[in-house]
>>> print(open('structure_4.txt').read())   # compact mmCIF, C-alpha atoms and all ligand atoms
# COMPACT_ATOMS: atom_id res chain seq x y z
CA MET A 1253 3.21 -16.24 1.28
CA ALA A 1254 -0.54 -16.34 0.70
CA ASN A 1255 -2.14 -13.57 2.70
CA SER A 1256 -5.84 -13.17 3.16
CA GLY A 1257 -7.11 -10.19 1.25
CA ARG A 1258 -10.55 -8.70 1.17
CA GLY A 1259 -13.19 -7.48 -1.18
CA THR A 1260 -13.91 -8.38 -4.73
CA ALA A 1261 -11.44 -7.85 -7.53
CA ARG A 1262 -13.04 -6.24 -10.54
CA LYS A 1263 -13.21 -8.39 -13.61
CA TYR A 1264 -10.79 -7.30 -16.28
CA ARG A 1265 -11.76 -6.90 -19.91
CA VAL A 1266 -9.18 -7.45 -22.60
CA VAL A 1267 -10.08 -5.90 -25.92
CA ALA A 1268 -8.44 -7.96 -28.64
CA ALA A 1269 -7.09 -6.04 -31.63
CA GLY A 1270 -8.73 -7.47 -34.73
CA VAL A 1271 -7.82 -7.48 -38.43
CA LEU A 1272 -10.40 -4.76 -39.12
CA SER A 1273 -8.89 -2.26 -36.69
CA LEU A 1274 -5.40 -3.06 -38.02
CA SER A 1275 -6.47 -2.32 -41.61
CA LEU A 1276 -8.18 0.91 -40.49
CA ALA A 1277 -4.96 1.99 -38.81
CA LEU A 1278 -2.98 1.23 -41.97
CA ALA A 1279 -5.47 3.17 -44.09
CA ALA A 1280 -5.16 6.18 -41.80
CA THR A 1281 -1.36 6.07 -42.04
CA ALA A 1282 -1.50 5.82 -45.84
CA CYS A 1283 -3.68 8.97 -46.05
CA GLY A 1284 -0.98 10.97 -44.20
CA GLY A 1285 -1.39 14.76 -43.60
CA ALA A 1286 -4.39 15.69 -41.48
CA ASP A 1287 -5.08 12.08 -40.50
CA SER A 1288 -1.66 11.46 -39.02
CA LYS A 1289 -1.92 14.78 -37.14
CA ALA A 1290 -5.27 13.63 -35.77
CA SER A 1291 -3.85 10.31 -34.60
CA SER A 1292 -0.97 12.01 -32.78
CA THR A 1293 -3.49 14.30 -31.04
CA ALA A 1294 -5.60 11.27 -30.09
CA LYS A 1295 -2.56 9.59 -28.52
CA LYS A 1296 -2.59 12.30 -25.82
CA SER A 1297 -5.45 10.44 -24.14
CA TYR A 1298 -3.23 7.98 -22.30
CA LYS A 1299 -4.40 4.57 -21.19
CA LEU A 1300 -3.28 3.82 -17.62
CA ALA A 1301 -3.64 0.80 -15.37
CA PHE A 1302 -3.31 0.55 -11.59
CA VAL A 1303 -2.61 -2.87 -10.07
CA GLN A 1304 -3.20 -2.76 -6.31
CA GLY A 1305 -1.45 -4.95 -3.71
CA VAL A 1306 -4.80 -6.44 -2.72
CA ALA A 1307 -8.41 -5.65 -3.60
CA GLY A 1308 -10.79 -4.23 -1.00
CA ASP A 1309 -8.08 -2.73 1.27
CA SER A 1310 -9.12 0.83 2.17
CA PHE A 1311 -5.49 1.95 1.76
CA TYR A 1312 -5.53 0.96 -1.93
CA VAL A 1313 -9.13 2.07 -2.36
CA THR A 1314 -8.11 5.55 -1.21
CA MET A 1315 -5.04 5.45 -3.46
CA GLY A 1316 -7.36 4.51 -6.34
CA CYS A 1317 -9.43 7.66 -5.63
CA GLY A 1318 -6.27 9.75 -6.15
CA VAL A 1319 -5.37 7.77 -9.28
CA GLN A 1320 -8.86 8.29 -10.75
CA SER A 1321 -9.10 11.99 -10.03
CA GLU A 1322 -5.62 12.75 -11.41
CA ALA A 1323 -6.19 10.55 -14.47
CA LYS A 1324 -9.41 12.46 -15.16
CA ALA A 1325 -7.56 15.77 -14.82
CA ALA A 1326 -4.93 14.51 -17.29
CA GLY A 1327 -7.59 13.29 -19.77
CA ALA A 1328 -6.37 9.71 -19.31
CA THR A 1329 -8.36 6.51 -18.81
CA VAL A 1330 -7.50 4.14 -15.99
CA ASN A 1331 -8.30 0.53 -15.21
CA ILE A 1332 -7.99 -0.42 -11.52
CA GLN A 1333 -7.82 -3.94 -10.14
CA GLY A 1334 -6.11 -5.96 -7.43
CA PRO A 1335 -5.63 -9.62 -6.52
CA GLN A 1336 -7.83 -11.25 -3.89
CA LYS A 1337 -4.79 -11.86 -1.68
CA PHE A 1338 -1.54 -9.98 -1.15
CA ASP A 1339 0.28 -12.68 -3.08
CA PRO A 1340 2.69 -12.51 -6.07
CA THR A 1341 1.33 -15.78 -7.51
CA LEU A 1342 -2.02 -14.01 -7.93
CA GLN A 1343 -0.66 -10.58 -8.86
CA THR A 1344 1.62 -11.93 -11.64
CA PRO A 1345 -1.11 -13.33 -13.94
CA MET A 1346 -3.18 -10.20 -13.32
CA LEU A 1347 -0.23 -8.06 -14.38
CA GLN A 1348 0.30 -10.23 -17.46
CA SER A 1349 -3.27 -9.70 -18.56
CA VAL A 1350 -2.86 -5.95 -18.01
CA ILE A 1351 0.32 -6.01 -20.17
CA ALA A 1352 -1.62 -7.82 -22.90
CA SER A 1353 -4.13 -4.94 -22.97
CA LYS A 1354 -1.25 -2.60 -23.98
CA PRO A 1355 -1.62 0.31 -21.58
CA ASP A 1356 0.75 3.26 -21.92
CA ALA A 1357 1.72 3.09 -18.24
CA ILE A 1358 1.16 0.80 -15.25
CA LEU A 1359 1.11 1.93 -11.63
CA ILE A 1360 1.71 -1.10 -9.43
CA ALA A 1361 2.21 -1.98 -5.75
CA PRO A 1362 4.42 -5.10 -6.02
CA THR A 1363 3.40 -7.81 -3.54
CA ASP A 1364 6.96 -9.08 -3.17
CA ILE A 1365 10.28 -7.26 -3.41
CA SER A 1366 11.96 -10.11 -5.39
CA SER A 1367 9.42 -12.23 -7.20
CA MET A 1368 7.58 -9.30 -8.85
CA GLN A 1369 10.86 -8.01 -10.36
CA GLN A 1370 10.74 -10.17 -13.50
CA PRO A 1371 7.02 -9.78 -14.32
CA ILE A 1372 7.37 -6.00 -14.01
CA ALA A 1373 10.54 -6.02 -16.17
CA GLN A 1374 8.46 -7.78 -18.84
CA ALA A 1375 6.02 -4.86 -18.83
CA LYS A 1376 8.89 -2.40 -19.27
CA ALA A 1377 10.26 -4.52 -22.13
CA GLN A 1378 6.94 -3.93 -23.95
CA GLY A 1379 7.57 -0.17 -23.82
CA ILE A 1380 5.11 0.38 -20.95
CA LYS A 1381 6.13 3.03 -18.40
CA ILE A 1382 6.19 1.67 -14.84
CA VAL A 1383 5.49 3.60 -11.64
CA LEU A 1384 5.89 1.81 -8.31
CA VAL A 1385 3.34 2.96 -5.75
CA ASP A 1386 3.54 2.09 -2.04
CA THR A 1387 5.70 -1.04 -2.19
CA THR A 1388 8.91 -1.29 -4.19
CA LEU A 1389 11.33 -3.81 -5.73
CA LYS A 1390 14.92 -4.89 -5.02
CA ASP A 1391 15.86 -3.00 -8.17
CA PRO A 1392 13.41 -0.11 -8.58
CA SER A 1393 15.28 1.24 -11.65
CA VAL A 1394 12.74 -0.62 -13.82
CA ALA A 1395 10.33 2.21 -12.90
CA VAL A 1396 10.30 5.87 -13.91
CA SER A 1397 9.36 6.70 -10.32
CA ALA A 1398 8.82 4.93 -6.96
CA ILE A 1399 6.45 6.65 -4.55
CA SER A 1400 5.94 5.59 -0.94
CA SER A 1401 5.71 6.75 2.67
CA ASP A 1402 8.86 6.97 4.78
CA ASN A 1403 8.14 3.49 6.14
CA SER A 1404 11.28 3.15 8.23
CA GLY A 1405 10.62 6.59 9.78
CA GLY A 1406 7.03 5.50 10.41
CA GLY A 1407 8.24 2.45 12.37
CA ALA A 1408 10.52 4.65 14.48
CA ALA A 1409 7.62 7.08 15.05
CA ALA A 1410 5.51 4.17 16.29
CA PHE A 1411 8.18 3.38 18.90
CA ASP A 1412 8.23 7.04 19.99
CA ALA A 1413 4.46 6.85 20.47
CA ILE A 1414 4.83 3.74 22.67
CA LYS A 1415 7.54 5.52 24.68
CA LYS A 1416 5.14 8.38 25.42
CA LEU A 1417 2.32 6.01 26.36
CA ALA A 1418 4.42 3.54 28.41
CA PRO A 1419 7.33 5.71 29.64
CA SER A 1420 8.58 3.21 32.25
CA GLY A 1421 9.66 0.79 29.50
CA GLY A 1422 9.02 -2.96 29.20
CA LYS A 1423 8.38 -5.61 26.57
CA VAL A 1424 7.13 -4.69 23.10
CA LEU A 1425 5.94 -6.87 20.24
CA VAL A 1426 5.61 -6.26 16.48
CA VAL A 1427 2.79 -7.87 14.50
CA GLY A 1428 3.97 -7.71 10.90
CA ASN A 1429 2.56 -8.77 7.54
CA THR A 1430 4.77 -11.22 5.56
CA PRO A 1431 8.54 -11.01 5.06
CA GLY A 1432 9.41 -9.75 1.56
CA ILE A 1433 7.02 -6.79 1.45
CA SER A 1434 9.17 -3.65 1.30
CA THR A 1435 6.82 -1.37 3.23
CA THR A 1436 6.00 -3.52 6.24
CA ASP A 1437 9.56 -4.89 6.42
CA ALA A 1438 10.89 -1.30 6.65
CA ARG A 1439 8.32 -0.35 9.31
CA ASP A 1440 9.12 -3.45 11.39
CA LYS A 1441 12.86 -2.79 11.15
CA GLY A 1442 12.44 0.92 11.97
CA PHE A 1443 10.50 -0.05 15.10
CA VAL A 1444 12.79 -2.89 16.23
CA ASP A 1445 15.96 -0.83 15.68
CA ALA A 1446 14.53 2.04 17.75
CA THR A 1447 13.49 -0.40 20.50
CA LYS A 1448 16.95 -1.98 20.64
CA ALA A 1449 18.55 1.45 20.96
CA ASP A 1450 16.59 2.10 24.18
CA SER A 1451 17.64 -0.12 27.10
CA ALA A 1452 14.38 0.49 28.97
CA TYR A 1453 12.54 -1.63 26.38
CA THR A 1454 12.84 -5.27 25.35
CA SER A 1455 11.96 -6.30 21.82
CA LEU A 1456 9.99 -9.56 21.59
CA GLY A 1457 10.65 -9.52 17.85
CA ILE A 1458 8.27 -9.70 14.89
CA GLN A 1459 5.46 -12.19 14.35
CA TYR A 1460 3.81 -12.33 10.94
CA ALA A 1461 0.02 -12.27 10.55
CA GLN A 1462 0.02 -12.53 6.73
CA ASN A 1463 -2.61 -9.84 6.26
CA ASP A 1464 -5.08 -11.93 8.25
CA PRO A 1465 -6.78 -10.10 11.17
CA ALA A 1466 -7.74 -13.45 12.80
CA LYS A 1467 -4.11 -14.55 12.76
CA ALA A 1468 -2.99 -11.20 14.20
CA ALA A 1469 -5.56 -11.58 17.00
CA SER A 1470 -4.32 -15.07 17.92
CA ILE A 1471 -0.66 -13.91 17.81
CA VAL A 1472 -1.48 -11.15 20.29
CA SER A 1473 -3.61 -13.41 22.55
CA ALA A 1474 -0.84 -16.04 22.71
CA ALA A 1475 1.88 -13.41 23.30
CA LEU A 1476 -0.11 -11.82 26.13
CA SER A 1477 -0.67 -15.14 27.89
CA LYS A 1478 3.05 -16.01 27.58
CA ASN A 1479 4.24 -12.48 28.49
CA PRO A 1480 1.48 -10.80 30.55
CA ASP A 1481 3.82 -7.85 31.17
CA ILE A 1482 3.90 -6.70 27.49
CA VAL A 1483 3.47 -2.92 27.52
CA GLY A 1484 3.08 -2.23 23.82
CA VAL A 1485 2.22 -3.75 20.44
CA PHE A 1486 3.10 -2.25 17.08
CA ALA A 1487 0.88 -3.59 14.29
CA SER A 1488 2.54 -2.62 11.04
CA ASN A 1489 -0.41 -2.57 8.65
CA LEU A 1490 -4.16 -2.26 8.51
CA PHE A 1491 -5.06 -5.97 8.91
CA ALA A 1492 -2.43 -6.55 11.61
CA ALA A 1493 -3.80 -3.55 13.53
CA GLU A 1494 -7.38 -4.76 13.20
CA GLY A 1495 -6.43 -8.17 14.63
CA ALA A 1496 -4.10 -6.79 17.33
CA ALA A 1497 -6.97 -4.68 18.67
CA THR A 1498 -9.18 -7.79 18.84
CA GLY A 1499 -6.43 -9.79 20.63
CA VAL A 1500 -5.94 -7.10 23.28
CA ARG A 1501 -9.71 -6.76 23.76
CA GLN A 1502 -10.13 -10.55 24.12
CA ALA A 1503 -7.36 -10.62 26.75
CA GLY A 1504 -9.23 -7.91 28.69
CA LYS A 1505 -6.19 -5.64 28.47
CA GLN A 1506 -7.83 -2.82 26.54
CA GLY A 1507 -6.02 0.43 27.37
CA LYS A 1508 -3.43 -1.36 29.56
CA VAL A 1509 -1.42 -2.68 26.62
CA LYS A 1510 -0.71 0.21 24.29
CA VAL A 1511 -1.41 -0.55 20.63
CA ILE A 1512 -0.01 1.52 17.78
CA GLY A 1513 -1.34 0.66 14.34
CA PHE A 1514 -0.07 1.64 10.93
CA ASP A 1515 -2.86 2.85 8.59
CA ALA A 1516 -6.18 4.53 9.26
CA GLY A 1517 -8.97 2.48 7.72
CA PRO A 1518 -12.52 2.64 9.11
CA ASP A 1519 -11.93 -0.28 11.55
CA GLN A 1520 -8.72 1.30 12.90
CA VAL A 1521 -10.45 4.64 13.44
CA LYS A 1522 -13.23 2.83 15.33
CA ALA A 1523 -10.69 1.00 17.53
CA LEU A 1524 -8.97 4.33 18.24
CA LYS A 1525 -12.26 5.91 19.26
CA ASP A 1526 -13.21 3.01 21.54
CA GLY A 1527 -9.80 3.09 23.27
CA THR A 1528 -8.45 -0.31 22.13
CA VAL A 1529 -5.80 1.39 19.99
CA GLN A 1530 -3.94 4.46 21.24
CA ALA A 1531 -2.41 5.87 18.04
CA LEU A 1532 -2.59 5.37 14.28
CA ILE A 1533 0.10 6.22 11.78
CA ALA A 1534 -1.85 7.39 8.76
CA GLN A 1535 -0.21 7.37 5.34
CA GLN A 1536 -1.28 9.56 2.43
CA PRO A 1537 -2.52 6.97 -0.07
CA GLU A 1538 -4.53 9.46 -2.12
CA GLN A 1539 -1.42 11.62 -2.59
CA ILE A 1540 0.59 8.54 -3.63
CA GLY A 1541 -2.05 7.87 -6.31
CA VAL A 1542 -2.03 11.48 -7.54
CA ASP A 1543 1.79 11.58 -7.67
CA GLY A 1544 1.84 8.19 -9.40
CA VAL A 1545 -0.34 9.39 -12.27
CA LYS A 1546 1.59 12.68 -12.55
CA GLN A 1547 4.88 10.79 -12.88
CA ALA A 1548 3.43 8.34 -15.41
CA VAL A 1549 2.06 11.14 -17.61
CA LEU A 1550 5.32 13.09 -17.32
CA ALA A 1551 7.27 10.04 -18.48
CA LEU A 1552 4.88 9.48 -21.38
CA LYS A 1553 5.33 13.09 -22.48
CA GLY A 1554 9.11 12.67 -22.38
CA GLY A 1555 9.56 14.86 -19.28
CA LYS A 1556 12.03 14.37 -16.43
CA THR A 1557 10.55 12.19 -13.70
CA THR A 1558 11.57 11.91 -10.02
CA ALA A 1559 13.12 8.53 -9.24
CA GLU A 1560 11.98 8.46 -5.61
CA ILE A 1561 9.17 10.40 -3.94
CA LYS A 1562 8.49 10.12 -0.20
CA THR A 1563 5.02 11.07 0.96
CA LYS A 1564 4.21 12.12 4.51
CA PHE A 1565 2.49 10.30 7.35
CA SER A 1566 0.67 11.68 10.37
CA ILE A 1567 -0.06 10.34 13.84
CA ILE A 1568 -3.70 10.32 14.89
CA THR A 1569 -4.83 9.85 18.49
CA LYS A 1570 -8.25 9.85 20.19
CA ASP A 1571 -7.76 13.58 20.83
CA THR A 1572 -7.15 14.45 17.17
CA VAL A 1573 -9.28 11.89 15.34
CA ASP A 1574 -12.29 14.22 15.07
CA SER A 1575 -10.27 17.31 14.09
CA ALA A 1576 -10.25 18.46 10.45
CA ASP A 1577 -6.73 17.00 10.03
CA GLY A 1578 -7.71 13.72 11.69
CA LYS A 1579 -10.77 13.37 9.44
CA ALA A 1580 -8.73 14.19 6.33
CA ALA A 1581 -6.14 11.54 7.25
CA ALA A 1582 -8.71 8.71 7.55
CA TYR A 1583 -8.86 6.28 4.60
CA ARG A 1584 -11.99 5.81 2.50
CA SER A 1585 -13.93 2.68 1.67
CA SER A 1586 -15.16 4.23 -1.61
CA CYS A 1587 -14.39 7.36 -3.67
O1 LIG B 1601 -0.10 -0.54 4.89
C1 LIG B 1601 -0.67 -0.61 3.63
C2 LIG B 1601 0.42 -0.64 2.59
O2 LIG B 1601 1.26 0.47 2.76
C3 LIG B 1601 1.25 -1.93 2.73
O3 LIG B 1601 2.19 -2.00 1.72
C4 LIG B 1601 0.35 -3.15 2.71
O4 LIG B 1601 -0.67 -3.02 3.67
C5 LIG B 1601 -1.51 -1.87 3.51
O5 LIG B 1601 -2.13 -1.93 2.27
C6 LIG B 1601 -2.62 -1.87 4.57
O6 LIG B 1601 -3.34 -3.06 4.53
>>> encode(input="structure_4.txt", output="structure tokens")
Amino acid sequence: MANSGRGTARKYRVVAAGVLSLSLALAATACGGADSKASSTAKKSYKLAFVQGVAGDSFYVTMGCGVQSEAKAAGATVNIQGPQKFDPTLQTPMLQSVIASKPDAILIAPTDISSMQQPIAQAKAQGIKIVLVDTTLKDPSVAVSAISSDNSGGGAAAFDAIKKLAPSGGKVLVVGNTPGISTTDARDKGFVDATKADSAYTSLGIQYAQNDPAKAASIVSAALSKNPDIVGVFASNLFAAEGAATGVRQAGKQGKVKVIGFDAGPDQVKALKDGTVQALIAQQPEQIGVDGVKQAVLALKGGKTTAEIKTKFSIITKDTVDSADGKAAAYRSSC
């Protein structure tokens, strides 16, 4: 379950409510009139938190840029942090400390479809509004809104891309993340189902790299020495794609084996430009962040939220990577 993540999680500060602030609050209530009006006006500055799937991943960094800009526009404050690994045993205590800081709403990318259900339900039980961003849960009804790409459609689109690049058919492999992550599971299934529906192609199944580029590289190296006639590899997230590109390069099969990667971080864009990867399926993480804050604020104001929002993805190739659309689709490593 433990996946290698990257970057440095920001330290989280919990501000403990003391006796002094409690008595000040009571005094303000006792005064009534103008003071209570003032406190209801002050409440409009909502306190939000965003818990990423993993720190230092350009997908979540870019989402955080959207979260920050929309929070600023809404006059809200936001605290952003993520665990060092894409791992529910690390994300759960981080979420608990966020709950203890009493935010009005939490945007979260759950690291596991089952085991994050209970910790997130605990946040809801405290009256905190929940918005699921990117990944989801077995029962997403705990959230006011769940926002993600069409991951299954993205997996099918990856197979279409391989069909165009290797039209004679052949063996194809999926390098996934870890079972139990809603997004990558849906992409893998979308790809495998599309492969199985086309008799010209043979699915070699899914191998899991656990968010570790080195593991993805060794999976691809081993698969290529066992099956030298593999025509295509679908790497279903950023770290899998980074490693798959390395594996193909190390096997000296750059350009011969077609690689389609999900996500468009700086390393993926580089691999696309140097010809190791033939297409990238770019999500819209910034839009997910913007929509996430909008839904949270709407819920806090008592408005009607949208239970499920699907954001778009686009396919970038070497020919389009330097176009205005290609540049706009690339993820950022800072805001
Ligand atoms: O692909 C994204 C995200 O959508 C997925 O849930 C986990 O991996 C990424 O963050 C990329 O590393």
>>> residues_near_ligand(input="structure_4.txt", ligand="ligand LIG 1601 (chain B)", cutoff="6 Å", atoms="all atoms listed in the file", output="PyMOL selection string")
chain A and resi 1309+1311+1386-1387+1435+1489-1491+1515
>>> write_last_selection(input="structure_4.txt", atoms="C-alpha atoms", output="tab-separated table (two decimals), in the frame of the given file")
chain	number	residue	atom	x	y	z
A	1309	ASP	CA	-8.08	-2.73	1.27
A	1311	PHE	CA	-5.49	1.95	1.76
A	1386	ASP	CA	3.54	2.09	-2.04
A	1387	THR	CA	5.70	-1.04	-2.19
A	1435	THR	CA	6.82	-1.37	3.23
A	1489	ASN	CA	-0.41	-2.57	8.65
A	1490	LEU	CA	-4.16	-2.26	8.51
A	1491	PHE	CA	-5.06	-5.97	8.91
A	1515	ASP	CA	-2.86	2.85	8.59
>>> closest_residue(input="structure_4.txt", among="A:Asn1403, A:Thr1329, A:Asn1479, A:Thr1454", to="Ile1433 of chain A", atoms="only C-alpha atoms")
A:Asn1403
>>> residues_near_point(input="structure_4.txt", point="(1.1, 12.8, -23.9)", cutoff="8 Å", atoms="only C-alpha atoms", output="number ranges by chain")
A: 1295-1298, 1549-1550, 1552-1553
>>> residues_around(input="structure_4.txt", residues="Ser1566 of chain A", least_positions_apart="3", cutoff="12 Å", atoms="only C-alpha atoms", output="number ranges by chain")
A: 1401-1403, 1405-1406, 1409-1410, 1413, 1513-1516, 1531-1537, 1563, 1569, 1572-1573, 1577-1582
>>> residues_around(input="structure_4.txt", residues="Val1394 of chain A", least_positions_apart="3", cutoff="9 Å", atoms="only C-alpha atoms", output="list in words")
Gln1369, Ile1372, Ala1373, Lys1376, Lys1381, Ile1382, Val1383, Leu1389, Asp1391 and Ser1397 of chain A
>>> build_atoms(input="structure_4.txt", residues="segment 1515-1538 of chain A", atoms="N, CA and C atoms", output="mmCIF file, in the coordinates of the input")
data_model
loop_
_atom_site.group_PDB
_atom_site.id
_atom_site.type_symbol
_atom_site.label_atom_id
_atom_site.label_comp_id
_atom_site.auth_asym_id
_atom_site.auth_seq_id
_atom_site.Cartn_x
_atom_site.Cartn_y
_atom_site.Cartn_z
ATOM 1 N N ASP A 1515 -1.665 2.703 9.438
ATOM 2 C CA ASP A 1515 -2.860 2.850 8.590
ATOM 3 C C ASP A 1515 -4.080 3.332 9.390
ATOM 4 N N ALA A 1516 -5.015 3.898 8.633
ATOM 5 C CA ALA A 1516 -6.180 4.530 9.260
ATOM 6 C C ALA A 1516 -7.451 4.216 8.483
ATOM 7 N N GLY A 1517 -7.716 2.915 8.350
ATOM 8 C CA GLY A 1517 -8.970 2.480 7.720
ATOM 9 C C GLY A 1517 -10.123 2.639 8.703
ATOM 10 N N PRO A 1518 -11.360 2.449 8.231
ATOM 11 C CA PRO A 1518 -12.520 2.640 9.110
ATOM 12 C C PRO A 1518 -12.469 1.809 10.393
ATOM 13 N N ASP A 1519 -11.993 0.553 10.335
ATOM 14 C CA ASP A 1519 -11.930 -0.280 11.550
ATOM 15 C C ASP A 1519 -10.898 0.247 12.544
ATOM 16 N N GLN A 1520 -9.774 0.777 12.011
ATOM 17 C CA GLN A 1520 -8.720 1.300 12.900
ATOM 18 C C GLN A 1520 -9.217 2.569 13.603
ATOM 19 N N VAL A 1521 -9.927 3.399 12.857
ATOM 20 C CA VAL A 1521 -10.450 4.640 13.440
ATOM 21 C C VAL A 1521 -11.455 4.290 14.551
ATOM 22 N N LYS A 1522 -12.255 3.261 14.319
ATOM 23 C CA LYS A 1522 -13.230 2.830 15.330
ATOM 24 C C LYS A 1522 -12.499 2.349 16.595
ATOM 25 N N ALA A 1523 -11.440 1.531 16.384
ATOM 26 C CA ALA A 1523 -10.690 1.000 17.530
ATOM 27 C C ALA A 1523 -9.990 2.128 18.300
ATOM 28 N N LEU A 1524 -9.599 3.163 17.587
ATOM 29 C CA LEU A 1524 -8.970 4.330 18.240
ATOM 30 C C LEU A 1524 -10.018 5.047 19.103
ATOM 31 N N LYS A 1525 -11.202 5.196 18.532
ATOM 32 C CA LYS A 1525 -12.260 5.910 19.260
ATOM 33 C C LYS A 1525 -12.711 5.132 20.488
ATOM 34 N N ASP A 1526 -12.721 3.767 20.369
ATOM 35 C CA ASP A 1526 -13.210 3.010 21.540
ATOM 36 C C ASP A 1526 -12.091 2.718 22.552
ATOM 37 N N GLY A 1527 -10.879 3.186 22.276
ATOM 38 C CA GLY A 1527 -9.800 3.090 23.270
ATOM 39 C C GLY A 1527 -8.996 1.796 23.225
ATOM 40 N N THR A 1528 -9.248 0.923 22.225
ATOM 41 C CA THR A 1528 -8.450 -0.310 22.130
ATOM 42 C C THR A 1528 -7.076 0.002 21.538
ATOM 43 N N VAL A 1529 -7.041 0.979 20.638
ATOM 44 C CA VAL A 1529 -5.800 1.390 19.990
ATOM 45 C C VAL A 1529 -5.522 2.835 20.424
ATOM 46 N N GLN A 1530 -4.253 3.127 20.704
ATOM 47 C CA GLN A 1530 -3.940 4.460 21.240
ATOM 48 C C GLN A 1530 -3.439 5.439 20.175
ATOM 49 N N ALA A 1531 -2.864 4.949 19.108
ATOM 50 C CA ALA A 1531 -2.410 5.870 18.040
ATOM 51 C C ALA A 1531 -2.378 5.144 16.702
ATOM 52 N N LEU A 1532 -2.643 5.901 15.649
ATOM 53 C CA LEU A 1532 -2.590 5.370 14.280
ATOM 54 C C LEU A 1532 -1.589 6.196 13.474
ATOM 55 N N ILE A 1533 -0.810 5.509 12.686
ATOM 56 C CA ILE A 1533 0.100 6.220 11.780
ATOM 57 C C ILE A 1533 -0.552 6.179 10.407
ATOM 58 N N ALA A 1534 -1.086 7.324 10.015
ATOM 59 C CA ALA A 1534 -1.850 7.390 8.760
ATOM 60 C C ALA A 1534 -0.919 7.789 7.620
ATOM 61 N N GLN A 1535 -0.962 7.021 6.545
ATOM 62 C CA GLN A 1535 -0.210 7.370 5.340
ATOM 63 C C GLN A 1535 -1.053 8.327 4.495
ATOM 64 N N GLN A 1536 -0.538 8.685 3.344
ATOM 65 C CA GLN A 1536 -1.280 9.560 2.430
ATOM 66 C C GLN A 1536 -1.518 8.827 1.109
ATOM 67 N N PRO A 1537 -2.350 7.772 1.143
ATOM 68 C CA PRO A 1537 -2.520 6.970 -0.070
ATOM 69 C C PRO A 1537 -3.064 7.749 -1.261
ATOM 70 N N GLU A 1538 -3.949 8.707 -0.997
ATOM 71 C CA GLU A 1538 -4.530 9.460 -2.120
ATOM 72 C C GLU A 1538 -3.417 10.264 -2.825
#
